[in-house]
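start_12.txt (compact mmCIF, N, CA and C atoms) appears below.
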# COMPACT_ATOMS: atom_id res chain seq x y z
N MET A 158 -63.18 -200.14 -110.25
CA MET A 158 -63.56 -199.35 -109.11
C MET A 158 -62.32 -198.63 -108.55
N GLU A 159 -62.43 -197.35 -108.37
CA GLU A 159 -61.34 -196.53 -107.83
C GLU A 159 -61.11 -196.86 -106.36
N PRO A 160 -59.85 -196.92 -105.93
CA PRO A 160 -59.59 -197.13 -104.50
C PRO A 160 -60.11 -195.93 -103.71
N THR A 161 -60.45 -196.18 -102.47
CA THR A 161 -60.92 -195.12 -101.58
C THR A 161 -59.82 -194.06 -101.45
N ALA A 162 -60.21 -192.81 -101.54
CA ALA A 162 -59.23 -191.72 -101.42
C ALA A 162 -58.62 -191.74 -100.02
N LEU A 163 -57.33 -191.57 -99.99
CA LEU A 163 -56.62 -191.54 -98.71
C LEU A 163 -56.47 -190.11 -98.24
N PRO A 164 -56.36 -189.92 -96.94
CA PRO A 164 -56.09 -188.57 -96.44
C PRO A 164 -54.69 -188.15 -96.85
N PRO A 165 -54.39 -186.87 -96.84
CA PRO A 165 -53.02 -186.44 -97.16
C PRO A 165 -52.02 -187.12 -96.22
N LEU A 166 -50.92 -187.51 -96.78
CA LEU A 166 -49.86 -188.15 -96.01
C LEU A 166 -49.02 -187.07 -95.35
N THR A 167 -48.89 -187.15 -94.04
CA THR A 167 -48.07 -186.22 -93.28
C THR A 167 -47.06 -187.03 -92.49
N LEU A 168 -45.80 -186.70 -92.65
CA LEU A 168 -44.73 -187.44 -91.99
C LEU A 168 -44.12 -186.59 -90.87
N ASN A 169 -43.60 -187.28 -89.88
CA ASN A 169 -42.92 -186.61 -88.78
C ASN A 169 -41.49 -186.28 -89.18
N PRO A 170 -40.94 -185.19 -88.67
CA PRO A 170 -39.52 -184.92 -88.94
C PRO A 170 -38.67 -185.97 -88.24
N PRO A 171 -37.53 -186.32 -88.82
CA PRO A 171 -36.69 -187.33 -88.18
C PRO A 171 -36.07 -186.77 -86.91
N PRO A 172 -35.74 -187.66 -85.97
CA PRO A 172 -35.05 -187.19 -84.77
C PRO A 172 -33.70 -186.59 -85.13
N THR A 173 -33.16 -185.82 -84.22
CA THR A 173 -31.84 -185.24 -84.42
C THR A 173 -30.81 -186.36 -84.48
N LEU A 174 -29.90 -186.25 -85.42
CA LEU A 174 -28.85 -187.25 -85.59
C LEU A 174 -27.98 -187.28 -84.33
N VAL A 175 -27.78 -188.48 -83.81
CA VAL A 175 -26.98 -188.65 -82.60
C VAL A 175 -25.75 -189.48 -82.97
N LEU A 176 -24.59 -188.91 -82.68
CA LEU A 176 -23.34 -189.63 -82.89
C LEU A 176 -22.77 -189.94 -81.51
N ARG A 177 -22.80 -191.21 -81.19
CA ARG A 177 -22.31 -191.62 -79.89
C ARG A 177 -21.84 -193.06 -80.05
N GLY A 178 -20.75 -193.32 -79.52
CA GLY A 178 -20.24 -194.67 -79.64
C GLY A 178 -18.86 -194.66 -80.26
N ASP A 179 -18.20 -195.73 -80.05
CA ASP A 179 -16.81 -195.85 -80.46
C ASP A 179 -16.71 -197.02 -81.43
N CYS A 180 -16.22 -196.75 -82.60
CA CYS A 180 -16.09 -197.81 -83.60
C CYS A 180 -15.11 -198.89 -83.19
N ASP A 181 -14.24 -198.58 -82.22
CA ASP A 181 -13.31 -199.59 -81.75
C ASP A 181 -14.00 -200.64 -80.88
N VAL A 182 -15.22 -200.36 -80.44
CA VAL A 182 -16.01 -201.34 -79.69
C VAL A 182 -16.80 -202.14 -80.73
N THR A 183 -16.34 -203.34 -80.95
CA THR A 183 -16.85 -204.16 -82.06
C THR A 183 -18.36 -204.35 -81.99
N ASP A 184 -18.90 -204.62 -80.82
CA ASP A 184 -20.35 -204.85 -80.72
C ASP A 184 -21.15 -203.61 -81.10
N GLU A 185 -20.68 -202.43 -80.72
CA GLU A 185 -21.38 -201.20 -81.07
C GLU A 185 -21.39 -201.00 -82.59
N LEU A 186 -20.23 -201.19 -83.19
CA LEU A 186 -20.13 -201.03 -84.64
C LEU A 186 -20.99 -202.07 -85.34
N GLU A 187 -20.92 -203.31 -84.90
CA GLU A 187 -21.66 -204.38 -85.55
C GLU A 187 -23.17 -204.16 -85.47
N ASN A 188 -23.67 -203.81 -84.30
CA ASN A 188 -25.11 -203.61 -84.13
C ASN A 188 -25.62 -202.44 -84.97
N TRP A 189 -24.87 -201.34 -84.97
CA TRP A 189 -25.30 -200.19 -85.76
C TRP A 189 -25.21 -200.51 -87.26
N LEU A 190 -24.13 -201.15 -87.65
CA LEU A 190 -23.92 -201.47 -89.06
C LEU A 190 -24.99 -202.42 -89.59
N ARG A 191 -25.42 -203.36 -88.77
CA ARG A 191 -26.48 -204.28 -89.19
C ARG A 191 -27.76 -203.50 -89.49
N LEU A 192 -28.14 -202.59 -88.57
CA LEU A 192 -29.35 -201.79 -88.79
C LEU A 192 -29.21 -200.91 -90.03
N ALA A 193 -28.05 -200.27 -90.18
CA ALA A 193 -27.84 -199.37 -91.32
C ALA A 193 -27.91 -200.15 -92.64
N ALA A 194 -27.29 -201.31 -92.70
CA ALA A 194 -27.28 -202.11 -93.93
C ALA A 194 -28.69 -202.58 -94.28
N TYR A 195 -29.43 -203.07 -93.29
CA TYR A 195 -30.80 -203.52 -93.54
C TYR A 195 -31.69 -202.35 -93.96
N SER A 196 -31.54 -201.22 -93.29
CA SER A 196 -32.36 -200.05 -93.61
C SER A 196 -32.09 -199.60 -95.04
N ARG A 197 -30.83 -199.53 -95.41
CA ARG A 197 -30.45 -199.12 -96.77
C ARG A 197 -31.02 -200.09 -97.80
N ARG A 198 -30.86 -201.38 -97.55
CA ARG A 198 -31.34 -202.41 -98.49
C ARG A 198 -32.86 -202.34 -98.65
N ASP A 199 -33.58 -202.27 -97.53
CA ASP A 199 -35.04 -202.26 -97.59
C ASP A 199 -35.57 -200.97 -98.20
N PHE A 200 -34.92 -199.85 -97.91
CA PHE A 200 -35.32 -198.57 -98.48
C PHE A 200 -35.12 -198.60 -100.00
N LEU A 201 -33.97 -199.09 -100.43
CA LEU A 201 -33.67 -199.19 -101.85
C LEU A 201 -34.68 -200.08 -102.56
N ALA A 202 -35.07 -201.18 -101.95
CA ALA A 202 -36.05 -202.08 -102.56
C ALA A 202 -37.39 -201.37 -102.74
N LEU A 203 -37.82 -200.60 -101.75
CA LEU A 203 -39.07 -199.86 -101.86
C LEU A 203 -39.00 -198.84 -103.00
N VAL A 204 -37.88 -198.17 -103.12
CA VAL A 204 -37.71 -197.18 -104.18
C VAL A 204 -37.73 -197.86 -105.55
N GLU A 205 -36.99 -198.93 -105.69
CA GLU A 205 -36.90 -199.61 -106.99
C GLU A 205 -38.24 -200.20 -107.44
N GLU A 206 -39.08 -200.59 -106.50
CA GLU A 206 -40.37 -201.18 -106.82
C GLU A 206 -41.44 -200.11 -107.08
N ALA A 207 -41.15 -198.87 -106.77
CA ALA A 207 -42.16 -197.81 -106.82
C ALA A 207 -42.73 -197.56 -108.21
N GLY A 208 -41.92 -197.73 -109.23
CA GLY A 208 -42.37 -197.43 -110.58
C GLY A 208 -43.54 -198.27 -111.04
N SER A 209 -43.72 -199.43 -110.45
CA SER A 209 -44.81 -200.32 -110.87
C SER A 209 -46.03 -200.20 -109.96
N LYS A 210 -46.05 -199.22 -109.08
CA LYS A 210 -47.15 -199.10 -108.11
C LYS A 210 -47.92 -197.80 -108.31
N ASN A 211 -49.17 -197.81 -107.87
CA ASN A 211 -49.99 -196.60 -107.95
C ASN A 211 -49.85 -195.78 -106.66
N ARG A 212 -50.38 -194.59 -106.69
CA ARG A 212 -50.29 -193.68 -105.53
C ARG A 212 -50.86 -194.32 -104.26
N HIS A 213 -51.96 -195.03 -104.42
CA HIS A 213 -52.63 -195.64 -103.28
C HIS A 213 -51.68 -196.63 -102.58
N THR A 214 -51.05 -197.48 -103.36
CA THR A 214 -50.12 -198.47 -102.82
C THR A 214 -48.87 -197.78 -102.27
N LEU A 215 -48.44 -196.73 -102.92
CA LEU A 215 -47.25 -196.01 -102.47
C LEU A 215 -47.46 -195.26 -101.16
N PHE A 216 -48.70 -195.03 -100.78
CA PHE A 216 -48.98 -194.41 -99.48
C PHE A 216 -48.35 -195.27 -98.38
N ALA A 217 -48.69 -196.57 -98.38
CA ALA A 217 -48.15 -197.49 -97.37
C ALA A 217 -46.64 -197.63 -97.49
N ASP A 218 -46.14 -197.67 -98.71
CA ASP A 218 -44.69 -197.78 -98.91
C ASP A 218 -43.96 -196.55 -98.38
N THR A 219 -44.55 -195.38 -98.57
CA THR A 219 -43.92 -194.15 -98.08
C THR A 219 -43.91 -194.13 -96.56
N VAL A 220 -44.97 -194.60 -95.95
CA VAL A 220 -44.99 -194.72 -94.48
C VAL A 220 -43.89 -195.69 -94.04
N GLU A 221 -43.72 -196.79 -94.76
CA GLU A 221 -42.66 -197.75 -94.42
C GLU A 221 -41.27 -197.12 -94.60
N MET A 222 -41.10 -196.35 -95.67
CA MET A 222 -39.83 -195.65 -95.88
C MET A 222 -39.54 -194.71 -94.71
N ASP A 223 -40.57 -194.00 -94.26
CA ASP A 223 -40.41 -193.09 -93.14
C ASP A 223 -40.07 -193.85 -91.85
N THR A 224 -40.65 -195.02 -91.68
CA THR A 224 -40.35 -195.85 -90.51
C THR A 224 -38.88 -196.27 -90.51
N LEU A 225 -38.38 -196.65 -91.67
CA LEU A 225 -36.95 -197.00 -91.79
C LEU A 225 -36.07 -195.79 -91.46
N LEU A 226 -36.45 -194.64 -91.98
CA LEU A 226 -35.71 -193.40 -91.71
C LEU A 226 -35.72 -193.07 -90.23
N GLN A 227 -36.88 -193.14 -89.61
CA GLN A 227 -37.00 -192.82 -88.18
C GLN A 227 -36.18 -193.79 -87.33
N SER A 228 -36.23 -195.06 -87.67
CA SER A 228 -35.50 -196.08 -86.91
C SER A 228 -34.00 -195.85 -86.98
N LEU A 229 -33.49 -195.62 -88.17
CA LEU A 229 -32.05 -195.40 -88.32
C LEU A 229 -31.63 -194.06 -87.72
N SER A 230 -32.46 -193.05 -87.85
CA SER A 230 -32.14 -191.72 -87.29
C SER A 230 -32.05 -191.75 -85.78
N SER A 231 -32.86 -192.57 -85.16
CA SER A 231 -32.90 -192.58 -83.69
C SER A 231 -31.81 -193.45 -83.07
N ARG A 232 -31.12 -194.21 -83.89
CA ARG A 232 -30.06 -195.10 -83.38
C ARG A 232 -28.73 -194.35 -83.44
N PRO A 233 -28.07 -194.13 -82.29
CA PRO A 233 -26.79 -193.42 -82.30
C PRO A 233 -25.75 -194.15 -83.17
N ALA A 234 -25.08 -193.37 -83.97
CA ALA A 234 -24.05 -193.93 -84.86
C ALA A 234 -22.68 -193.82 -84.20
N PRO A 235 -21.85 -194.83 -84.38
CA PRO A 235 -20.49 -194.73 -83.85
C PRO A 235 -19.68 -193.71 -84.65
N ASP A 236 -18.61 -193.25 -84.06
CA ASP A 236 -17.84 -192.13 -84.62
C ASP A 236 -17.36 -192.34 -86.05
N CYS A 237 -16.93 -193.51 -86.41
CA CYS A 237 -16.39 -193.74 -87.76
C CYS A 237 -17.48 -193.76 -88.83
N ALA A 238 -18.73 -193.83 -88.41
CA ALA A 238 -19.84 -193.94 -89.36
C ALA A 238 -20.54 -192.61 -89.61
N GLN A 239 -20.02 -191.53 -89.06
CA GLN A 239 -20.70 -190.24 -89.15
C GLN A 239 -20.98 -189.83 -90.59
N GLU A 240 -19.99 -189.84 -91.43
CA GLU A 240 -20.17 -189.39 -92.82
C GLU A 240 -21.18 -190.27 -93.56
N PHE A 241 -21.06 -191.58 -93.38
CA PHE A 241 -22.00 -192.51 -94.02
C PHE A 241 -23.41 -192.28 -93.51
N GLN A 242 -23.55 -192.13 -92.19
CA GLN A 242 -24.87 -191.92 -91.59
C GLN A 242 -25.52 -190.64 -92.12
N GLU A 243 -24.76 -189.56 -92.14
CA GLU A 243 -25.30 -188.29 -92.63
C GLU A 243 -25.72 -188.39 -94.10
N SER A 244 -24.91 -189.04 -94.90
CA SER A 244 -25.22 -189.19 -96.32
C SER A 244 -26.47 -190.05 -96.52
N LEU A 245 -26.50 -191.20 -95.88
CA LEU A 245 -27.62 -192.12 -96.03
C LEU A 245 -28.92 -191.49 -95.54
N LEU A 246 -28.88 -190.88 -94.38
CA LEU A 246 -30.10 -190.27 -93.84
C LEU A 246 -30.57 -189.09 -94.70
N GLY A 247 -29.62 -188.34 -95.24
CA GLY A 247 -29.99 -187.23 -96.13
C GLY A 247 -30.73 -187.72 -97.37
N ILE A 248 -30.23 -188.79 -97.96
CA ILE A 248 -30.87 -189.38 -99.14
C ILE A 248 -32.25 -189.92 -98.78
N MET A 249 -32.32 -190.63 -97.67
CA MET A 249 -33.59 -191.21 -97.25
C MET A 249 -34.62 -190.13 -96.94
N ARG A 250 -34.20 -189.08 -96.26
CA ARG A 250 -35.13 -188.01 -95.90
C ARG A 250 -35.66 -187.29 -97.14
N GLN A 251 -34.75 -186.92 -98.03
CA GLN A 251 -35.16 -186.22 -99.26
C GLN A 251 -36.10 -187.08 -100.09
N THR A 252 -35.78 -188.33 -100.22
CA THR A 252 -36.61 -189.24 -101.01
C THR A 252 -37.98 -189.42 -100.38
N THR A 253 -38.02 -189.58 -99.08
CA THR A 253 -39.30 -189.75 -98.39
C THR A 253 -40.18 -188.51 -98.59
N LEU A 254 -39.58 -187.34 -98.52
CA LEU A 254 -40.35 -186.11 -98.74
C LEU A 254 -40.88 -186.03 -100.18
N LEU A 255 -40.05 -186.43 -101.14
CA LEU A 255 -40.49 -186.42 -102.54
C LEU A 255 -41.61 -187.44 -102.79
N PHE A 256 -41.50 -188.60 -102.16
CA PHE A 256 -42.57 -189.59 -102.28
C PHE A 256 -43.85 -189.07 -101.62
N GLN A 257 -43.72 -188.39 -100.51
CA GLN A 257 -44.87 -187.79 -99.85
C GLN A 257 -45.58 -186.81 -100.81
N GLU A 258 -44.80 -185.98 -101.48
CA GLU A 258 -45.38 -185.05 -102.46
C GLU A 258 -46.11 -185.81 -103.56
N TYR A 259 -45.51 -186.88 -104.04
CA TYR A 259 -46.13 -187.67 -105.11
C TYR A 259 -47.44 -188.29 -104.63
N VAL A 260 -47.41 -188.92 -103.47
CA VAL A 260 -48.59 -189.57 -102.91
C VAL A 260 -49.71 -188.55 -102.70
N ASN A 261 -49.36 -187.36 -102.29
CA ASN A 261 -50.35 -186.32 -102.02
C ASN A 261 -50.81 -185.60 -103.29
N GLY A 262 -50.27 -185.98 -104.45
CA GLY A 262 -50.70 -185.39 -105.71
C GLY A 262 -50.02 -184.08 -106.06
N ASP A 263 -48.96 -183.73 -105.31
CA ASP A 263 -48.24 -182.48 -105.56
C ASP A 263 -47.10 -182.66 -106.57
N ARG A 264 -46.91 -183.86 -107.04
CA ARG A 264 -45.85 -184.18 -107.99
C ARG A 264 -46.40 -185.24 -108.92
N ASP A 265 -46.12 -185.11 -110.22
CA ASP A 265 -46.71 -186.03 -111.19
C ASP A 265 -45.81 -187.17 -111.62
N ASP A 266 -44.52 -186.98 -111.55
CA ASP A 266 -43.61 -187.98 -112.11
C ASP A 266 -42.70 -188.53 -111.01
N LEU A 267 -42.67 -189.83 -110.91
CA LEU A 267 -41.85 -190.49 -109.91
C LEU A 267 -40.56 -191.04 -110.52
N SER A 268 -40.48 -191.14 -111.83
CA SER A 268 -39.36 -191.83 -112.48
C SER A 268 -38.01 -191.17 -112.18
N VAL A 269 -37.94 -189.86 -112.20
CA VAL A 269 -36.67 -189.17 -111.93
C VAL A 269 -36.26 -189.37 -110.47
N ILE A 270 -37.23 -189.35 -109.57
CA ILE A 270 -36.94 -189.57 -108.15
C ILE A 270 -36.37 -190.97 -107.95
N VAL A 271 -37.00 -191.95 -108.56
CA VAL A 271 -36.54 -193.34 -108.45
C VAL A 271 -35.13 -193.47 -109.02
N GLU A 272 -34.91 -192.91 -110.19
CA GLU A 272 -33.59 -193.00 -110.84
C GLU A 272 -32.51 -192.34 -109.99
N ASN A 273 -32.76 -191.12 -109.54
CA ASN A 273 -31.76 -190.39 -108.75
C ASN A 273 -31.49 -191.06 -107.42
N THR A 274 -32.54 -191.48 -106.74
CA THR A 274 -32.36 -192.12 -105.43
C THR A 274 -31.62 -193.44 -105.56
N THR A 275 -31.97 -194.21 -106.56
CA THR A 275 -31.28 -195.49 -106.77
C THR A 275 -29.79 -195.25 -106.98
N ARG A 276 -29.46 -194.28 -107.81
CA ARG A 276 -28.05 -193.97 -108.07
C ARG A 276 -27.35 -193.51 -106.78
N GLU A 277 -27.99 -192.60 -106.05
CA GLU A 277 -27.38 -192.07 -104.83
C GLU A 277 -27.19 -193.16 -103.76
N LEU A 278 -28.18 -194.03 -103.61
CA LEU A 278 -28.04 -195.11 -102.62
C LEU A 278 -26.96 -196.10 -103.04
N GLN A 279 -26.87 -196.37 -104.33
CA GLN A 279 -25.80 -197.27 -104.79
C GLN A 279 -24.43 -196.67 -104.53
N MET A 280 -24.33 -195.34 -104.61
CA MET A 280 -23.05 -194.68 -104.35
C MET A 280 -22.63 -194.79 -102.89
N THR A 281 -23.58 -194.99 -101.98
CA THR A 281 -23.21 -195.16 -100.57
C THR A 281 -22.65 -196.55 -100.29
N GLY A 282 -22.73 -197.42 -101.27
CA GLY A 282 -22.25 -198.79 -101.10
C GLY A 282 -20.78 -198.89 -100.76
N GLN A 283 -19.97 -198.01 -101.31
CA GLN A 283 -18.53 -198.04 -101.05
C GLN A 283 -18.25 -197.75 -99.57
N ALA A 284 -18.90 -196.73 -99.04
CA ALA A 284 -18.70 -196.39 -97.62
C ALA A 284 -19.19 -197.53 -96.73
N LEU A 285 -20.30 -198.13 -97.09
CA LEU A 285 -20.82 -199.27 -96.33
C LEU A 285 -19.83 -200.43 -96.36
N SER A 286 -19.28 -200.70 -97.53
CA SER A 286 -18.29 -201.78 -97.66
C SER A 286 -17.06 -201.51 -96.81
N GLU A 287 -16.62 -200.27 -96.76
CA GLU A 287 -15.46 -199.92 -95.93
C GLU A 287 -15.74 -200.14 -94.45
N LEU A 288 -16.92 -199.79 -94.01
CA LEU A 288 -17.29 -200.03 -92.61
C LEU A 288 -17.39 -201.53 -92.32
N GLU A 289 -17.95 -202.28 -93.25
CA GLU A 289 -18.03 -203.73 -93.08
C GLU A 289 -16.65 -204.36 -93.05
N HIS A 290 -15.74 -203.86 -93.87
CA HIS A 290 -14.36 -204.34 -93.88
C HIS A 290 -13.68 -204.05 -92.54
N ARG A 291 -13.89 -202.86 -92.03
CA ARG A 291 -13.33 -202.50 -90.72
C ARG A 291 -13.83 -203.48 -89.65
N LEU A 292 -15.12 -203.79 -89.69
CA LEU A 292 -15.69 -204.73 -88.72
C LEU A 292 -15.04 -206.11 -88.85
N GLN A 293 -14.85 -206.58 -90.07
CA GLN A 293 -14.21 -207.87 -90.28
C GLN A 293 -12.79 -207.88 -89.71
N LEU A 294 -12.05 -206.79 -89.90
CA LEU A 294 -10.71 -206.72 -89.35
C LEU A 294 -10.73 -206.75 -87.82
N GLN A 295 -11.68 -206.04 -87.25
CA GLN A 295 -11.78 -206.02 -85.79
C GLN A 295 -12.12 -207.40 -85.23
N ARG A 296 -12.89 -208.16 -85.98
CA ARG A 296 -13.22 -209.52 -85.55
C ARG A 296 -12.08 -210.50 -85.80
N GLY A 297 -11.08 -210.06 -86.56
CA GLY A 297 -9.97 -210.93 -86.89
C GLY A 297 -10.26 -211.86 -88.05
N GLU A 298 -11.20 -211.45 -88.89
CA GLU A 298 -11.57 -212.30 -90.04
C GLU A 298 -10.71 -212.00 -91.23
Encoded form (structure tokens):
Amino acid sequence: MEPTALPPLTLNPPPTLVLRGDCDVTDELENWLRLAAYSRRDFLALVEEAGSKNRHTLFADTVEMDTLLQSLSSRPAPDCAQEFQESLLGIMRQTTLLFQEYVNGDRDDLSVIVENTTRELQMTGQALSELEHRLQLQRGE
């Protein structure tokens, strides 16, 4: 039995990127970094699992990807995280739009999207590690 047809998926544009905060304030850096790391990890997991799912299941996953994007976009980033934030949000936004096209039937192949996004998100790992290292130094660890 075919799953019930879903309405076209329409996503909201992300909020404007806000850079506010001082990386020298450990709590600000730590709170933002925790959200960014979790968002990146959870987004990557959704992308990596996509190849084994059908369009119907990916509808909910794409909404979840958009929720992660919206949450991270709306959280002001501290000054030292600007480049990482812009890169991560750019990857997340582009991927979410491509998944939206796939879910809506405007794109037939998801494999290249999954491959490219996985590679791009893994490349952000170095910048994330540098920010985490900075936080450890600030804590005196």
Nearby residues (only C-alpha atoms) at most 10 Å from Cys237 (chain A), same-chain spacing under 6 positions excluded, as a short mmCIF file (atom, residue, chain, number, x, y, z; two decimals) with N, CA and C atoms, keeping the file's coordinate frame:
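Wrote around_20.cif, looks like this:
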data_model
loop_
_atom_site.label_atom_id
_atom_site.label_comp_id
_atom_site.auth_asym_id
_atom_site.auth_seq_id
_atom_site.Cartn_x
_atom_site.Cartn_y
_atom_site.Cartn_z
N LEU A 176 -24.59 -188.91 -82.68
CA LEU A 176 -23.34 -189.63 -82.89
C LEU A 176 -22.77 -189.94 -81.51
N GLY A 178 -20.75 -193.32 -79.52
CA GLY A 178 -20.24 -194.67 -79.64
C GLY A 178 -18.86 -194.66 -80.26
N ASP A 179 -18.20 -195.73 -80.05
CA ASP A 179 -16.81 -195.85 -80.46
C ASP A 179 -16.71 -197.02 -81.43
N CYS A 180 -16.22 -196.75 -82.60
CA CYS A 180 -16.09 -197.81 -83.60
C CYS A 180 -15.11 -198.89 -83.19
N ASP A 181 -14.24 -198.58 -82.22
CA ASP A 181 -13.31 -199.59 -81.75
C ASP A 181 -14.00 -200.64 -80.88
N LEU A 186 -20.23 -201.19 -83.19
CA LEU A 186 -20.13 -201.03 -84.64
C LEU A 186 -20.99 -202.07 -85.34
N LEU A 288 -16.92 -199.79 -94.01
CA LEU A 288 -17.29 -200.03 -92.61
C LEU A 288 -17.39 -201.53 -92.32
N ARG A 291 -13.89 -202.86 -92.03
CA ARG A 291 -13.33 -202.50 -90.72
C ARG A 291 -13.83 -203.48 -89.65
#
Discussion item. Just checking: using only C-alpha atoms, which residue out of A:Val220, A:Arg212, A:Ala194, A:Leu203 ends up closest to Asp263 (chain A)?
Written reply: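 Once distances to Asp263 (chain A) are computed over only C-alpha atoms, the minimum belongs to A:Arg212.
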Discussion item. As an exercise, work out the distance from CA of Thr252 (chain A) to CA of Thr274 (chain A) in Å and give it to one decimal place.
Written reply: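 A separation of 6.8 Å between them.
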Item to complete: Figure out the distance between atom N of Thr224 (chain A) and atom C of Tyr259 (chain A), please, to one decimal in Å.
Response: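 A separation of 16.1 Å between them.
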Worksheet entry | One-decimal distance in Å that lies between CA of Arg197 (chain A) and CA of Ser231 (chain A) |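 Spanning CA of Ser231 (chain A) to CA of Arg197 (chain A) is a straight-line distance of 14.8 Å.
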Worksheet item: Which is closer to Leu201 (chain A) than all the others in A:Glu240, A:Glu287, A:Glu185, A:Glu277, using only C-alpha atoms?
Response: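 Among the listed residues, the smallest separation from Leu201 (chain A) belongs to A:Glu277.
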Worksheet item: Smallest atom-to-atom distance to Gln251 (chain A): which of A:Asp184, A:Pro170, A:Pro164, A:Ser286, using only C-alpha atoms?
Response: A:Pro170
Practice prompt. List every residue of chain A that DSSP, applied to the backbone of this structure, assigns to helix (DSSP H, G or I), and report them as number ranges by chain.
Written response: A: 183-209, 212-231, 236-260, 268-280, 282-296
Worksheet item: Leaving out Phe256 (chain A) and any residue of its chain fewer than 2 positions from it, which residues lie within 12 Å of it when counting only C-alpha atoms, given as a ChimeraX atom specification?
Response: /A:166-168,203-204,207-208,211-223,249-254,258-271,274
Item to complete: Show which residues sit within 8 Å of Leu229 (chain A), as number ranges by chain. Count all atoms listed in the file, and ignore same-chain residues fewer than 2 positions away.
Response: A: 172, 174-175, 192-193, 196, 223-227, 231-234, 246
Worksheet item: Which residue out of A:Asn273, A:Gln257, A:Gln239, A:Gln279 has the minimum interatomic distance to Pro165 (chain A) when all atoms listed in the file are used?
Response: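 That would be A:Gln257, the residue with the smallest distance to Pro165 (chain A).
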